[in-house]
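File shown: run.cif. Contents: mmCIF, C-alpha atoms.
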```cif
data_model
loop_
_atom_site.label_atom_id
_atom_site.label_comp_id
_atom_site.auth_asym_id
_atom_site.auth_seq_id
_atom_site.Cartn_x
_atom_site.Cartn_y
_atom_site.Cartn_z
CA MET A 1 -40.18 90.41 -122.34
CA LYS A 2 -38.86 88.59 -119.26
CA THR A 3 -40.00 84.99 -118.98
CA ARG A 4 -41.94 85.54 -115.76
CA TRP A 5 -43.88 88.48 -117.19
CA PHE A 6 -44.48 86.72 -120.48
CA THR A 7 -45.89 83.71 -118.60
CA ARG A 8 -48.23 85.95 -116.62
CA THR A 9 -49.33 87.92 -119.68
CA ALA A 10 -49.93 84.74 -121.70
CA GLY A 11 -51.85 83.29 -118.75
CA ILE A 12 -54.04 86.38 -118.54
CA VAL A 13 -54.73 86.19 -122.30
CA LEU A 14 -55.76 82.52 -121.98
CA VAL A 15 -57.97 83.19 -118.94
CA LEU A 16 -59.62 86.11 -120.77
CA ILE A 17 -60.39 83.80 -123.72
CA MET A 18 -61.99 81.29 -121.31
CA VAL A 19 -64.05 83.89 -119.45
CA TRP A 20 -65.09 85.55 -122.72
CA GLN A 21 -66.74 82.33 -123.92
CA PHE A 22 -69.28 82.55 -121.08
CA VAL A 23 -69.78 86.30 -121.54
CA HIS A 24 -70.25 85.70 -125.27
CA ARG A 25 -72.86 83.02 -124.59
CA GLY A 26 -74.71 85.46 -122.35
CA LEU A 27 -74.58 88.14 -125.05
CA VAL A 28 -75.93 85.67 -127.63
CA VAL A 29 -78.91 84.89 -125.39
CA VAL A 30 -79.64 88.41 -124.16
CA THR A 31 -78.66 90.69 -127.04
CA ASP A 32 -78.85 88.49 -130.17
CA VAL A 33 -75.08 88.70 -130.78
CA ASN A 34 -74.09 86.44 -133.67
CA PRO A 35 -72.77 83.15 -132.23
CA TRP A 36 -70.46 82.86 -135.25
CA LYS A 37 -68.74 86.18 -134.48
CA LEU A 38 -66.89 88.10 -131.75
CA PHE A 39 -64.49 85.35 -130.68
CA GLY A 40 -67.05 83.00 -129.22
CA PHE A 41 -66.34 79.50 -130.48
CA ALA A 42 -69.98 78.87 -131.35
CA MET A 43 -69.66 78.47 -135.10
CA TYR A 44 -71.79 75.73 -136.64
CA CYS A 45 -74.14 75.70 -133.63
CA THR A 46 -77.16 77.42 -135.13
CA PRO A 47 -77.92 79.49 -138.22
CA HIS A 48 -78.13 83.20 -137.49
CA GLN A 49 -79.90 85.09 -140.25
CA VAL A 50 -80.60 88.79 -139.78
CA LYS A 51 -82.87 90.78 -142.07
CA VAL A 52 -83.45 94.50 -141.65
CA ARG A 53 -86.23 96.24 -143.54
CA LEU A 54 -88.13 99.46 -143.36
CA ALA A 55 -91.78 99.11 -142.37
CA LYS A 56 -94.67 101.51 -142.22
CA MET A 57 -98.04 101.65 -140.55
CA VAL A 58 -100.87 100.60 -142.85
CA GLY A 59 -104.16 100.92 -141.00
CA ASN A 60 -103.37 99.53 -137.58
CA ARG A 61 -100.72 97.03 -138.79
CA ILE A 62 -96.99 97.39 -139.41
CA ARG A 63 -96.12 96.27 -142.94
CA PRO A 64 -92.52 95.78 -144.18
CA MET A 65 -91.78 97.76 -147.34
CA SER A 66 -90.19 96.23 -150.44
CA LYS A 67 -86.74 97.39 -151.55
CA GLN A 68 -88.22 99.30 -154.46
CA GLU A 69 -90.36 101.39 -152.12
CA ILE A 70 -87.33 102.71 -150.20
CA PRO A 71 -85.23 105.62 -151.57
CA PRO A 72 -81.55 104.69 -152.34
CA GLU A 73 -79.89 106.62 -149.46
CA PRO A 74 -82.00 105.11 -146.65
CA ARG A 75 -81.62 101.74 -148.36
CA ARG A 76 -77.82 102.06 -148.09
CA ALA A 77 -78.08 103.08 -144.44
CA LEU A 78 -80.30 100.07 -143.77
CA ALA A 79 -77.77 97.74 -145.44
CA ILE A 80 -74.94 99.04 -143.23
CA PHE A 81 -77.16 98.70 -140.15
CA GLU A 82 -78.09 95.16 -141.17
CA ARG A 83 -74.41 94.21 -141.58
CA ASN A 84 -73.44 95.51 -138.13
CA ARG A 85 -76.59 94.23 -136.47
CA ALA A 86 -75.92 90.75 -137.89
CA SER A 87 -72.71 90.60 -135.86
CA LEU A 88 -73.37 92.75 -132.82
CA GLY A 89 -77.07 92.17 -132.27
CA MET A 90 -78.69 94.73 -129.99
CA LEU A 91 -75.25 96.00 -128.95
CA HIS A 92 -75.51 97.95 -132.20
CA SER A 93 -78.21 100.48 -131.42
CA HIS A 94 -80.91 101.39 -133.93
CA GLU A 95 -81.04 105.00 -132.73
CA ASP A 96 -78.52 106.54 -135.16
CA LEU A 97 -80.31 104.90 -138.07
CA ALA A 98 -83.69 106.05 -136.75
CA ARG A 99 -82.44 109.65 -136.50
CA TYR A 100 -80.99 109.48 -140.01
CA LEU A 101 -84.18 108.00 -141.43
CA ALA A 102 -86.28 110.59 -139.62
CA GLU A 103 -84.52 113.30 -141.64
CA SER A 104 -84.82 111.58 -145.00
CA LEU A 105 -88.32 110.09 -144.98
CA PRO A 106 -91.60 111.88 -145.71
CA PRO A 107 -93.23 113.17 -142.48
CA THR A 108 -96.70 112.05 -143.56
CA GLU A 109 -96.40 108.41 -142.49
CA ARG A 110 -95.25 106.39 -139.47
CA PHE A 111 -92.14 104.33 -140.18
CA PHE A 112 -90.45 101.48 -138.31
CA ILE A 113 -87.09 99.72 -138.51
CA TRP A 114 -88.05 96.07 -138.85
CA VAL A 115 -85.42 93.57 -137.59
CA GLU A 116 -85.87 89.80 -138.05
CA VAL A 117 -83.44 87.35 -136.43
CA THR A 118 -83.87 83.72 -137.47
CA THR A 119 -82.25 80.88 -135.53
CA LEU A 120 -82.85 77.16 -135.08
CA ASP A 121 -85.10 76.34 -132.12
CA PRO A 122 -83.65 73.22 -130.43
CA ALA A 123 -87.00 72.31 -128.84
CA THR A 124 -88.86 72.00 -132.14
CA ALA A 125 -85.99 71.68 -134.69
CA THR A 126 -87.64 74.48 -136.65
CA LEU A 127 -86.46 77.93 -137.69
CA LYS A 128 -87.73 80.55 -135.27
CA THR A 129 -87.86 84.23 -136.16
CA ASN A 130 -87.73 86.93 -133.52
CA LEU A 131 -89.09 90.23 -134.72
CA LYS A 132 -88.46 93.72 -133.40
CA ALA A 133 -89.93 96.92 -134.81
CA TYR A 134 -88.38 100.23 -133.72
CA PRO A 135 -90.37 103.40 -134.46
CA VAL A 136 -88.77 106.16 -136.55
CA ARG A 137 -89.99 109.43 -135.13
CA VAL A 138 -90.30 111.68 -138.16
CA GLU A 139 -90.39 115.32 -137.08
CA GLN A 140 -93.63 117.01 -138.09
CA MET B 1 -27.90 72.38 -93.64
CA ILE B 2 -31.49 71.25 -93.87
CA PHE B 3 -32.59 74.53 -92.41
CA ALA B 4 -30.52 76.43 -94.98
CA LEU B 5 -32.09 74.51 -97.85
CA LYS B 6 -35.57 75.13 -96.52
CA SER B 7 -35.01 78.83 -96.13
CA LYS B 8 -33.61 79.02 -99.66
CA SER B 9 -36.62 77.31 -101.21
CA SER B 10 -39.07 79.44 -99.26
CA ALA B 11 -37.32 82.55 -100.57
CA ALA B 12 -38.13 81.57 -104.18
CA PRO B 13 -41.19 83.48 -105.41
CA LYS B 14 -44.32 81.38 -105.50
CA PRO B 15 -45.77 81.03 -109.02
CA TRP B 16 -49.10 82.70 -109.67
CA ILE B 17 -52.06 80.45 -110.38
CA ILE B 18 -52.07 81.59 -114.01
CA GLU B 19 -48.38 80.67 -114.32
CA ARG B 20 -49.25 77.16 -113.16
CA LEU B 21 -52.21 77.12 -115.53
CA VAL B 22 -49.98 77.93 -118.53
CA SER B 23 -47.51 75.21 -117.53
CA LEU B 24 -50.21 72.50 -117.57
CA THR B 25 -49.45 71.95 -121.27
CA ALA B 26 -45.70 71.62 -120.71
CA ASP B 27 -43.88 68.42 -121.62
CA ASP B 28 -40.38 66.98 -121.66
CA HIS B 29 -39.66 67.35 -125.37
CA VAL B 30 -37.93 70.72 -125.38
CA ALA B 31 -34.86 70.08 -127.56
CA HIS B 32 -36.66 70.94 -130.80
CA LEU B 33 -38.64 73.95 -129.56
CA SER B 34 -36.60 76.59 -131.40
CA SER B 35 -36.94 75.07 -134.87
CA GLN B 36 -40.54 73.94 -134.22
CA LEU B 37 -41.76 77.37 -133.12
CA SER B 38 -39.82 79.21 -135.86
CA ALA B 39 -41.48 76.93 -138.41
CA PHE B 40 -44.90 77.44 -136.84
CA ALA B 41 -44.41 81.23 -136.92
CA SER B 42 -43.49 81.03 -140.62
CA ILE B 43 -46.57 78.88 -141.33
CA LEU B 44 -48.73 81.45 -139.51
CA LEU B 45 -47.23 84.34 -141.52
CA ILE B 46 -47.63 82.62 -144.91
CA HIS B 47 -51.16 81.65 -143.85
CA LEU B 48 -52.00 85.30 -143.09
CA ALA B 49 -50.46 86.52 -146.36
CA SER B 50 -52.19 83.86 -148.47
CA ARG B 51 -55.58 84.39 -146.88
CA ASP B 52 -55.63 88.10 -147.63
CA MET B 53 -54.29 87.45 -151.13
CA VAL B 54 -57.14 84.97 -151.74
CA ARG B 55 -59.66 87.55 -150.51
CA TYR B 56 -58.14 90.12 -152.88
CA LEU B 57 -58.26 87.69 -155.80
CA GLU B 58 -61.90 86.96 -154.94
CA GLY B 59 -62.63 90.64 -155.61
CA GLN B 60 -62.32 92.26 -152.20
CA PRO B 61 -60.87 95.82 -152.00
CA SER B 62 -57.21 96.58 -152.73
CA TRP B 63 -56.31 97.00 -149.05
CA ARG B 64 -56.45 93.20 -148.87
CA LEU B 65 -53.56 93.15 -151.34
CA TRP B 66 -51.57 95.55 -149.16
CA LEU B 67 -52.22 93.38 -146.10
CA ALA B 68 -51.12 90.30 -148.04
CA LEU B 69 -47.93 92.03 -149.18
CA GLY B 70 -47.27 93.23 -145.61
CA PHE B 71 -47.68 89.73 -144.18
CA GLY B 72 -45.63 88.33 -147.08
CA LEU B 73 -42.79 90.72 -146.26
CA CYS B 74 -42.95 89.63 -142.61
CA PHE B 75 -42.87 85.98 -143.75
CA ALA B 76 -39.71 86.62 -145.80
CA ALA B 77 -38.09 88.63 -142.98
CA SER B 78 -38.78 85.85 -140.46
CA PHE B 79 -36.12 83.68 -142.13
CA PHE B 80 -33.39 86.19 -141.20
CA PRO B 81 -32.61 86.13 -137.46
CA ALA B 82 -31.60 89.81 -137.53
CA TYR B 83 -35.04 90.84 -138.80
CA ARG B 84 -37.17 88.22 -137.07
CA ARG B 85 -38.20 90.53 -134.25
CA PHE B 86 -39.46 93.14 -136.75
CA ALA B 87 -41.29 90.46 -138.73
CA TYR B 88 -43.28 89.37 -135.67
CA TYR B 89 -43.93 92.92 -134.44
CA GLY B 90 -44.90 94.05 -137.94
CA ALA B 91 -47.29 91.13 -138.44
CA THR B 92 -48.89 91.80 -135.04
CA ALA B 93 -49.41 95.45 -135.98
CA ILE B 94 -50.93 94.53 -139.35
CA ALA B 95 -53.20 91.88 -137.80
CA THR B 96 -54.38 94.42 -135.19
CA LEU B 97 -55.07 97.03 -137.87
CA LYS B 98 -57.02 94.45 -139.82
CA LEU B 99 -59.03 93.54 -136.72
CA VAL B 100 -60.02 97.17 -136.23
CA ALA B 101 -60.72 97.78 -139.94
CA VAL B 102 -62.95 94.73 -140.36
CA PHE B 103 -64.77 94.97 -137.00
CA PRO B 104 -67.47 93.73 -136.33
CA LEU B 105 -67.33 91.34 -139.28
CA ASN B 106 -64.15 89.58 -138.10
CA SER B 107 -64.20 85.82 -138.18
CA ASN B 108 -63.33 83.91 -135.02
CA HIS B 109 -60.42 82.44 -136.97
CA SER B 110 -58.85 85.87 -137.39
CA MET B 111 -59.01 86.33 -133.62
CA VAL B 112 -57.14 83.05 -133.06
CA GLU B 113 -54.55 84.15 -135.63
CA LEU B 114 -54.13 87.46 -133.80
CA VAL B 115 -53.64 85.73 -130.44
CA CYS B 116 -51.02 83.43 -132.02
CA ILE B 117 -48.97 86.22 -133.57
CA LEU B 118 -49.34 88.38 -130.46
CA LEU B 119 -47.96 85.60 -128.24
CA ILE B 120 -45.11 84.96 -130.69
CA ALA B 121 -44.19 88.67 -130.79
CA MET B 122 -44.39 89.06 -127.01
CA ALA B 123 -42.27 85.96 -126.44
CA TYR B 124 -39.52 86.93 -128.87
CA ARG B 125 -36.05 87.10 -127.35
CA PRO B 126 -32.81 86.50 -129.25
CA ASP B 127 -31.66 84.07 -126.53
CA GLY B 128 -34.89 82.05 -126.89
CA ALA B 129 -35.57 82.16 -123.15
CA ASN B 130 -39.35 82.29 -123.61
CA LEU B 131 -39.67 79.41 -126.08
CA ALA B 132 -40.91 76.84 -123.56
CA VAL B 133 -43.64 79.16 -122.26
CA LEU B 134 -44.56 80.22 -125.80
CA SER B 135 -44.99 76.56 -126.74
CA GLN B 136 -47.15 75.96 -123.66
CA SER B 137 -49.39 78.97 -124.31
CA LEU B 138 -49.84 78.17 -128.04
CA ARG B 139 -50.67 74.57 -127.11
CA TRP B 140 -53.55 75.87 -125.01
CA LEU B 141 -55.31 77.29 -128.07
CA PRO B 142 -56.45 73.98 -129.65
CA ILE B 143 -57.63 72.85 -126.21
CA LEU B 144 -59.69 76.01 -125.76
CA VAL B 145 -61.09 75.98 -129.30
CA PHE B 146 -62.06 72.29 -129.14
CA PHE B 147 -63.47 72.42 -125.61
CA PHE B 148 -65.53 75.58 -126.01
CA SER B 149 -66.74 74.61 -129.50
CA GLY B 150 -68.06 71.38 -128.00
CA LEU B 151 -69.49 73.13 -124.96
CA GLN B 152 -71.23 75.80 -127.09
CA LYS B 153 -72.80 73.06 -129.23
CA MET B 154 -74.13 71.42 -126.07
CA MET B 155 -75.44 74.73 -124.70
CA MET B 156 -77.19 75.57 -127.98
CA GLY B 157 -78.80 72.12 -128.00
CA THR B 158 -78.99 71.69 -131.76
CA TYR B 159 -76.71 68.64 -131.93
CA PHE B 160 -78.64 66.32 -129.58
CA ASP B 161 -81.28 65.55 -132.21
CA GLY B 162 -79.01 66.40 -135.16
CA SER B 163 -81.20 69.35 -136.15
CA PHE B 164 -78.29 71.67 -137.03
CA LEU B 165 -76.71 69.09 -139.34
CA ALA B 166 -80.11 68.26 -140.86
CA PHE B 167 -80.73 71.97 -141.45
CA SER B 168 -77.25 72.35 -143.00
CA ALA B 169 -77.76 69.32 -145.24
CA ALA B 170 -81.08 70.77 -146.35
CA SER B 171 -79.90 74.29 -147.05
CA ASP B 172 -76.14 74.92 -146.88
CA THR B 173 -74.21 74.24 -150.06
CA ASP B 174 -70.89 73.56 -148.27
CA PHE B 175 -72.50 70.87 -146.14
CA ARG B 176 -74.79 69.63 -148.86
CA ALA B 177 -72.04 67.90 -150.88
CA ALA B 178 -70.74 66.02 -147.84
CA PHE B 179 -74.20 64.86 -146.78
CA GLN B 180 -75.08 63.87 -150.32
CA TRP B 181 -72.16 61.47 -150.11
CA MET B 182 -72.89 60.30 -146.53
CA LEU B 183 -76.65 59.79 -146.62
CA PRO B 184 -78.77 57.35 -148.66
CA GLU B 185 -80.34 58.98 -151.69
CA ALA B 186 -83.90 58.85 -150.32
CA GLU B 187 -82.96 60.47 -146.99
CA PHE B 188 -80.98 63.20 -148.72
CA ALA B 189 -83.86 63.90 -151.12
CA ARG B 190 -86.29 64.06 -148.16
CA LEU B 191 -84.05 66.60 -146.38
CA GLN B 192 -83.75 68.67 -149.55
CA ALA B 193 -87.52 68.79 -149.79
CA ILE B 194 -87.96 70.30 -146.30
CA LYS B 195 -89.07 73.91 -146.60
CA PRO B 196 -88.55 76.56 -143.91
CA PRO B 197 -89.33 76.59 -141.03
CA GLY B 198 -88.78 72.83 -140.88
CA PRO B 199 -88.71 70.72 -138.72
CA TYR B 200 -85.18 69.70 -139.68
CA LEU B 201 -84.73 66.15 -138.42
CA PHE B 202 -83.05 63.00 -139.70
CA GLU B 203 -85.16 59.87 -140.04
CA LEU B 204 -82.08 57.63 -139.78
CA MET B 205 -80.25 57.00 -136.52
CA TYR B 206 -76.62 57.16 -137.60
CA PRO B 207 -76.54 60.88 -138.58
CA VAL B 208 -77.96 61.64 -135.11
CA VAL B 209 -75.22 59.53 -133.52
CA LEU B 210 -72.65 61.33 -135.70
CA SER B 211 -74.08 64.67 -134.61
CA ASN B 212 -73.64 63.74 -130.94
CA LEU B 213 -70.13 62.45 -131.61
CA VAL B 214 -69.12 65.90 -132.87
CA TYR B 215 -69.38 67.76 -129.55
CA ILE B 216 -68.40 64.69 -127.49
CA GLY B 217 -65.32 64.29 -129.69
CA GLU B 218 -64.36 67.95 -129.38
CA ILE B 219 -64.57 67.91 -125.58
CA VAL B 220 -62.81 64.55 -125.26
CA VAL B 221 -59.84 65.49 -127.50
CA ALA B 222 -59.46 68.74 -125.54
CA GLY B 223 -59.14 66.66 -122.36
CA LEU B 224 -56.78 64.17 -124.00
CA LEU B 225 -54.50 66.99 -125.18
CA LEU B 226 -54.45 68.54 -121.71
CA MET B 227 -53.39 65.36 -119.90
CA LYS B 228 -49.73 64.56 -120.38
CA ARG B 229 -50.18 60.78 -120.58
CA THR B 230 -52.85 60.90 -123.29
CA ARG B 231 -51.39 63.60 -125.55
CA LEU B 232 -50.43 61.31 -128.39
CA VAL B 233 -53.95 59.86 -128.49
CA GLY B 234 -55.25 63.45 -128.27
CA LEU B 235 -53.02 64.47 -131.17
CA ILE B 236 -54.31 61.63 -133.35
CA GLY B 237 -57.91 62.25 -132.25
CA SER B 238 -57.57 65.97 -132.99
CA MET B 239 -56.25 65.28 -136.48
CA VAL B 240 -59.18 62.92 -137.15
CA MET B 241 -61.60 65.62 -135.93
CA ILE B 242 -59.94 68.29 -138.10
CA VAL B 243 -60.03 66.09 -141.21
CA GLY B 244 -63.69 65.24 -140.52
CA ILE B 245 -64.62 68.90 -140.06
CA GLU B 246 -62.71 69.90 -143.19
CA LEU B 247 -64.47 67.24 -145.27
CA VAL B 248 -67.82 68.79 -144.34
CA ALA B 249 -67.13 72.51 -143.83
CA LYS B 250 -64.15 72.85 -146.24
CA GLU B 251 -62.54 75.58 -144.12
CA LEU B 252 -59.17 74.65 -145.57
CA PHE B 253 -57.33 77.81 -144.59
CA PHE B 254 -58.09 77.65 -140.90
CA GLY B 255 -57.92 73.86 -140.93
CA VAL B 256 -54.26 73.95 -142.00
CA LEU B 257 -53.34 76.50 -139.32
CA PHE B 258 -55.29 74.64 -136.66
CA ALA B 259 -53.66 71.32 -137.61
CA ASN B 260 -50.30 73.04 -137.20
CA LEU B 261 -51.30 74.28 -133.75
CA VAL B 262 -52.15 70.68 -132.83
CA LEU B 263 -48.79 69.53 -134.28
CA LEU B 264 -47.10 71.51 -131.49
CA TYR B 265 -48.06 68.51 -129.34
CA ALA B 266 -46.01 66.16 -131.50
CA PRO B 267 -43.16 64.39 -129.71
CA ARG B 268 -40.83 65.47 -132.52
CA ASP B 269 -40.53 68.61 -134.61
CA TRP B 270 -43.15 68.01 -137.28
CA SER B 271 -43.68 71.72 -137.89
CA LYS B 272 -40.45 72.20 -139.83
CA PRO B 273 -41.20 69.40 -142.31
CA ALA B 274 -44.79 70.71 -142.53
CA LEU B 275 -43.67 74.21 -143.59
CA PRO B 276 -42.92 73.46 -147.29
CA TRP B 277 -46.11 71.39 -147.57
CA CYS B 278 -48.19 74.23 -146.12
CA CYS B 279 -46.54 76.72 -148.50
CA ALA B 280 -47.32 74.39 -151.42
CA LEU B 281 -50.94 73.99 -150.30
CA TYR B 282 -51.43 77.76 -149.96
CA ALA B 283 -49.85 78.19 -153.43
CA VAL B 284 -52.40 75.69 -154.81
CA LEU B 285 -55.28 77.55 -153.13
CA LEU B 286 -54.00 80.84 -154.59
CA ALA B 287 -53.71 79.26 -158.02
CA VAL B 288 -57.26 77.88 -157.75
CA THR B 289 -58.58 81.32 -156.75
CA ALA B 290 -56.67 82.97 -159.61
CA GLY B 291 -58.22 80.50 -162.05
CA LEU B 292 -54.91 78.83 -162.92
CA LEU B 293 -56.09 75.45 -161.59
CA PRO B 294 -59.50 73.74 -161.81
CA GLU B 295 -62.03 75.29 -159.46
CA PHE B 296 -63.05 73.65 -156.19
CA LYS B 297 -64.91 75.16 -153.28
CA PHE B 298 -63.06 76.03 -150.07
CA ASN B 299 -63.17 78.69 -147.37
#
```
As structure tokens, how would this structure be written, given the file I've shared?
Amino acid sequence: MKTRWFTRTAGIVLVLIMVWQFVHRGLVVVTDVNPWKLFGFAMYCTPHQVKVRLAKMVGNRIRPMSKQEIPPEPRRALAIFERNRASLGMLHSHEDLARYLAESLPPTERFFIWVEVTTLDPATATLKTNLKAYPVRVEQ
Amino acid sequence: MIFALKSKSSAAPKPWIIERLVSLTADDHVAHLSSQLSAFASILLIHLASRDMVRYLEGQPSWRLWLALGFGLCFAASFFPAYRRFAYYGATAIATLKLVAVFPLNSNHSMVELVCILLIAMAYRPDGANLAVLSQSLRWLPILVFFFSGLQKMMMGTYFDGSFLAFSAASDTDFRAAFQWMLPEAEFARLQAIKPPGPYLFELMYPVVLSNLVYIGEIVVAGLLLMKRTRLVGLIGSMVMIVGIELVAKELFFGVLFANLVLLYAPRDWSKPALPWCCALYAVLLAVTAGLLPEFKFN
């Protein structure tokens, strides 16, 4: 590559890295992207623990199910979802998993994908867990 | 005559802003660039090969072995000028494949490695015409990593009161050993007794001061490396920061590569003498992982 073009290309790469840091920060705040991942230099800033479980409606409350209650195939799908969600946050949609679960779970109960994201709250120095529960629409 | 000179200079193309940005890390020591950058490229290639080999020895799938062998072949080829181009292109292709295969679990370190090998491959010319710009662009990476690491710590706000370090001392095994050594027994025992959700706070003042020095230090050394007059101080400061971080986080693999990126600021070629030492260190880490040497924890 000619020196002039290499200089410009290298400059663009460096500027992209700089701009990405701010985009990454925005994604961490808005979509729960893992600060330790995706080329944002925010390692060792906060813990980022993601737990994904299956939950079901018991009475009028959503209750997370234990591993033993979940059949092996959905359990595997949940593990893959958890792995991707731990890096990508809400950029990794729950919809494919919900559709898959809808086909493999009994239609008699209402199920939810239960996502917990735990980080360190700087205001209180305590662990704070954000919880989201996505409904799985089992076809009747 | 004056008019002729003026018209000649105005005919020269004006550099783009990004060209000027890249050249901010330029300096006058250019005589050793060829051997320094060749040595750095070799360190990067043996680093990539060793890291995947360690992952394979730790029990990860066999494709890690193939990646390690691929990078190892590139490392060997990089010593022969006739094959050097293919070594850099091949390593870039393998690193890109790895990025895609591992996504989204890639570490930030692997991204820095990819940018390094990509710049080296793009810059390659047998006449070495791009070496100065390659050196300048690689020198930007420690500045960016230090500055944005410090800035992100400030934006997250968990270093002002030391809560992230207190949390890590209380729960993370990598940090625990370092804090056990740094803190008085009673304070360490108190932190260990904190149960989730906390609060995770130090009772002593000096760990809080240390916590604040981390992001301040990262931002300051980035500035010192950027300014031509303060680069030597920046180089020393960066090495102190890297050693400090390694003592706590034990990210030996990336620490060695990152230290070598910082060494590109050295007034002499320190990369070439560093190459055999880096190879020896990676050999030790491989031997530890294979169980041939006593175990110690590193990442």
Item to check | Residues returned when the PyMOL selection byres ((chain B) within 7 of (chain A)) runs on this file, as JSON, numbers by chain | outcome: {"B": [18, 19, 21, 22, 104, 105, 106, 107, 108, 111, 119, 122, 123, 129, 130, 133, 137, 145, 148, 149, 152, 153, 156, 157, 158, 163, 164, 196, 197, 198, 199, 200, 201]}
Checklist entry - What does the distance from atom CA of Ile219 of chain B to atom CA of Val28 of chain A come to in Å, to one decimal? => result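 Distance between the two atoms: 21.2 Å.
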Taking all atoms of segment 127-136 of chain B that the file lists, what box with edges along x, y and z, padded by 4 Å per side, do you get, with centre and edge lengths in Å to one decimal, as AutoDock Vina command-line options?
```
--center_x -39.4 --center_y 80.0 --center_z -124.6 --size_x 23.5 --size_y 16.1 --size_z 12.6
```
Next on the checklist: Using all atoms listed in the file, which protein or nucleic acid residues come within 12 Å of Val208 of chain B? Drop anything in the same chain fewer than 4 positions from it, and give the result as JSON, numbers by chain.
Outcome noted: {"B": [158, 159, 160, 161, 162, 163, 164, 165, 166, 183, 200, 201, 202, 203, 204, 212, 213, 214, 215]}
Next on the checklist: Quick one: residues within 12 Å of Ala93 of chain B, only C-alpha atoms, excluding same-chain residues fewer than 6 positions away - as a ChimeraX atom specification?
Outcome noted: /B:67,70-71,74,86-87,99-100,114-115,117-118,121
Residues of the last selection are to be written out with C-alpha atoms, as an mmCIF file, in the frame of the given file.
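Written file, selection.cif:
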```
data_model
loop_
_atom_site.group_PDB
_atom_site.id
_atom_site.type_symbol
_atom_site.label_atom_id
_atom_site.label_comp_id
_atom_site.auth_asym_id
_atom_site.auth_seq_id
_atom_site.Cartn_x
_atom_site.Cartn_y
_atom_site.Cartn_z
ATOM 1 C CA LEU B 67 -52.220 93.380 -146.100
ATOM 2 C CA GLY B 70 -47.270 93.230 -145.610
ATOM 3 C CA PHE B 71 -47.680 89.730 -144.180
ATOM 4 C CA CYS B 74 -42.950 89.630 -142.610
ATOM 5 C CA PHE B 86 -39.460 93.140 -136.750
ATOM 6 C CA ALA B 87 -41.290 90.460 -138.730
ATOM 7 C CA LEU B 99 -59.030 93.540 -136.720
ATOM 8 C CA VAL B 100 -60.020 97.170 -136.230
ATOM 9 C CA LEU B 114 -54.130 87.460 -133.800
ATOM 10 C CA VAL B 115 -53.640 85.730 -130.440
ATOM 11 C CA ILE B 117 -48.970 86.220 -133.570
ATOM 12 C CA LEU B 118 -49.340 88.380 -130.460
ATOM 13 C CA ALA B 121 -44.190 88.670 -130.790
#
```
